[in-house]
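One structure below.
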Amino acid sequence: MPRINGDRPVPSLPARHDKIRVPLWVLLVGLAARLVGRLVLLLMRHPIAVAVLVVLTAFYRATGLLGLGTLAAAVVLVSMAWRLAHRSSFNQAAWWAWGRLRLVFVYRRRWRAATVHCGLAIRIPASNAERVTFDEYFPRIRAFRTSRPVESLRVELLPGQTPQTWAEQAEALRHVYRTRACRVRAERVGFVWVDFYRRDSLGRTVAPYPVDGPDAPGAGLENLVVGRREDGRPWLLQLRGSHVLVAGATGSGKGSVLWSLIRALGPAVRDGLVELWVCDPKGGMEMAAGAPLFARFAYDLPSIADLLDDAVTRMQARADVLRGVTRLHEPTRDEPLIVVVVDEIAALTAYVTDRDLKRRLSASLPLLLSQGRAPGVVVVAAVQDPRKETLPFRDLFPVRVALRLVEADQVDLVLGDGAHDKGARCEDIGTDQQGTGYVAEDGGAEPVRVRASFPDDAEIRRTVDRYRLPAAGPVLALPAPSTAPDLVDLLRLRGARAVDDLSPPVRPRRRTWPWRRAAGARPGPHPETGGWVPDLAEYGNPWGDQ
């Protein structure tokens with residue numbers, strides 16, 4: 001425990017002490033010893049600063065004011081050359097030096113008053129017959145880190161304190177140091193990190209990160225880059241072996257999170273390692289633009305119920321194969337990771353009126369959430385109302401993202417108890433900050449402020465064109481002798497390729513002239529095809545992909 005200002009290891013008892021007269025020289029020796037002790041303590045705590053001060057003093061005594069000015073000019077020139085040659089290392093050194101100055105002249109200077117008035121210091125009263133004094137114990141700053149948006153203090157806790165004690169006083173500390181935000185993170189036993197955010201690095205729209213190539217910050221399906229954290233680092237979201245819930249009010253930016261995640265999965269979709277099964281209960285208005293990327297796409301309740309039932313079947317079949325082989329599915333081209341995306345999951349849990357559909361949906365969704373992570377069937381869902389009545393199984397999502405919410409109580413519903421007190425104030429997020437929120441993961445005690453990137457319509461089209469799935473089924477090719485010339489020309493105009501290379505399955509179908517059909521005559525053979533016409537129903541729509 002630090003001892004400051006004459007702290008005593010044992011609190012003094014109220015008593016009247018006898019006055020003892022000492023010679024003056026004893027008093028002077030005591031003061032000198034105390035001064036020497038403080039000097040030694042200063043040298044031990046700040047060796048670099050003391051060494052620089054001593055060198056500058058000696059240089060000034062040797063060269064005078066002109067030499068000191070010349071040295072300063074040389075330092076400026078070397079710094080400019082360093083910045084031009086290697087800017088990243090120069091910025092690190094500059095921020096380190098600036099952080100040392102702020103630690104001394106800002107944080108340490110106000111530390112004692114801040115901890116006393118915020119109730120984070122221990123003051124034990126001790127009195128005698130003449131006056132009342134206090135034995136004071138203060139938490140000590142053990143380390144300091146700085147960057148452009150945040151300055152962090154590593155603080156040693158006093159006996160009897162917990163990280164929750166400091167988290168409750170985060171707002172008071174923010175006002176003491178006049179910063180934009182203050183959050184407390186628990187480290188190991190006995191220490192916390194107090195983060196002071198001086199500027200908002202998420203105030204502007206986040207541009208989409210590269211998702212493939214050497215500049216991509218992600219690392220596989222465990223770390224998908226979907227945006228930026230408040231400390232300036234990329235926001236990496238774990239998808240393999242997890243489920244993700246995105247909660248936010250209308251216009252909070254849930255679409256930005258979903259599209260950023262889909263965009264990050266683009267290379268894996270192209271390589272056949274991921275299949276996207278997308279459900280859009282809002283009639284396909286939000287997700288239809290990415291249909292060429294999706295292995296399956298459903299936008300009405302019956303087809304969504306069929307999709308989820310098929311996902312459960314695939315999950316159970318895959319679990320039978322992997323049982324006793326591995327505990328977590330490894331995506332391959334033959335067995336890809338299935339990502340079930342639901343744009344508004346409340347439409348499947350609380351707003352369904354058909355009893356049969358509601359029974360099917362209520363059975364499939366909890367099965368996927370409780371058993372789908374290990375076999376490689378994960379769920380990504382978005383919801384506006386996170387209450388238990390709307391989403392009864394929200395606790396089955398290990399990764400939860402809370403965007404702008406209407407009420408403060410909803411923050412703890414999404415991120416867990418105590419998240420609002422730890423700084424996740426989702427109700428204060430502005431309406432112009434779409435995609436901004438807080439993310440919490442199982443095992444992570446502190447919510448992290450993040451902002452998803454914003455893929456506009458042009459970026460979504462580029463993603464779809466670049467990573468779209470290949471056309472399913474064989475390329476349409478019809479033999480010329482068995483096809484009427486007008487049909488061949490029509491198919492060519494519609495964009496069908498290699499029309500004359502493949503013999504299609506055909507069935508006999510007779511055609512008749514219009515005036516004979518109106519009179520009720522039976523169809524007769526076509527004069528140019530001998531009665532054989534290709535059955536296009538067996539090919540599907542030949543120009544549906546054009």
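Residues in the structure tokens are named by chain (A, B, ... in the order shown) and by number from 1 within that chain; ligands are numbered from 1 in the order shown.
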
Would you list the contacts of Leu273 of chain A as a ChimeraX atom specification, taking every protein, DNA or RNA residue within 8 Å and counting only C-alpha atoms, but skipping same-chain residues closer than 3 positions in sequence? /A:268-270,331-333,335-337

Taking only C-alpha atoms into account, produce a table as JSON lines in which each residue of segment 340-456 of chain A with an atom at most 10 Å from an atom of segment 285-294 of chain A appears once, together with its shortest atom pair and the distance in Å to one decimal, ordered by chain and rising number.
```
{"residue": "A:Val341", "atom": "CA", "partner": "A:Met287", "partner_atom": "CA", "distance": 9.7}
{"residue": "A:Val342", "atom": "CA", "partner": "A:Met287", "partner_atom": "CA", "distance": 9.7}
{"residue": "A:Asp343", "atom": "CA", "partner": "A:Glu286", "partner_atom": "CA", "distance": 8.0}
```

Kindly save the residues from that selection, with all heavy atoms included, as an mmCIF file, in the first residue's frame.
```cif
data_model
loop_
_atom_site.group_PDB
_atom_site.id
_atom_site.type_symbol
_atom_site.label_atom_id
_atom_site.label_comp_id
_atom_site.auth_asym_id
_atom_site.auth_seq_id
_atom_site.Cartn_x
_atom_site.Cartn_y
_atom_site.Cartn_z
ATOM 1 N N VAL A 341 -28.411 -16.088 -41.703
ATOM 2 C CA VAL A 341 -28.578 -14.664 -41.400
ATOM 3 C C VAL A 341 -30.063 -14.361 -41.345
ATOM 4 O O VAL A 341 -30.795 -14.629 -42.319
ATOM 5 C CB VAL A 341 -27.878 -13.781 -42.453
ATOM 6 C CG1 VAL A 341 -28.040 -12.308 -42.098
ATOM 7 C CG2 VAL A 341 -26.396 -14.149 -42.550
ATOM 8 N N VAL A 342 -30.534 -13.798 -40.238
ATOM 9 C CA VAL A 342 -31.937 -13.417 -40.065
ATOM 10 C C VAL A 342 -31.969 -11.920 -39.799
ATOM 11 O O VAL A 342 -31.446 -11.449 -38.789
ATOM 12 C CB VAL A 342 -32.598 -14.195 -38.905
ATOM 13 C CG1 VAL A 342 -34.073 -13.840 -38.825
ATOM 14 C CG2 VAL A 342 -32.418 -15.690 -39.082
ATOM 15 N N ASP A 343 -32.594 -11.180 -40.715
ATOM 16 C CA ASP A 343 -32.556 -9.724 -40.599
ATOM 17 C C ASP A 343 -33.395 -9.216 -39.441
ATOM 18 O O ASP A 343 -32.996 -8.306 -38.735
ATOM 19 C CB ASP A 343 -33.029 -9.095 -41.916
ATOM 20 C CG ASP A 343 -32.905 -7.583 -41.902
ATOM 21 O OD1 ASP A 343 -32.021 -7.076 -41.201
ATOM 22 O OD2 ASP A 343 -33.701 -6.910 -42.576
#
```

Using only C-alpha atoms, the best pick from A:Val55, A:Leu173, A:Leu357, A:Val379 as closest to Ile304 of chain A would be A:Leu357

From segment 68-228 of chain A, collect each residue whose DSSP state is alpha helix (DSSP H) and return the set as a PyMOL selection string. chain A and resi 68-85+87-102+108-117+163-168+170-177

When DSSP is applied to the backbone of this structure, which of segment 205-420 of chain A are assigned strand (DSSP E)? Write them out as a ChimeraX atom specification. /A:224-229,234-237,244-247,274-279,296-298,337-342,377-383,399-402

A:Gly251, A:Gly430, A:Gly227, A:Pro447 ranked by distance to Arg400 of chain A, top pick (using only C-alpha atoms): A:Pro447

Give me the residues near Val450 of chain A as a PyMOL selection string, where near means some atom within 12 Å (using only C-alpha atoms) and where sequence neighbours in that chain fewer than 3 positions away do not count. chain A and resi 200-203+205-206+225-237+257+401-404+424+426+429+433-440+447+453

So which residues touch Ser152 of chain A within 12 Å, counting only C-alpha atoms, skipping near sequence neighbours fewer than 2 positions away, as a PyMOL selection string? chain A and resi 99-100+102-103+107+141-150+154-155+181-185+192-198+231

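Remark: for Asp306 of chain A, the closest of the candidate residues A:Leu39, A:Ala249, A:Leu365, A:Ile20 is A:Leu365 (distances computed over only C-alpha atoms).
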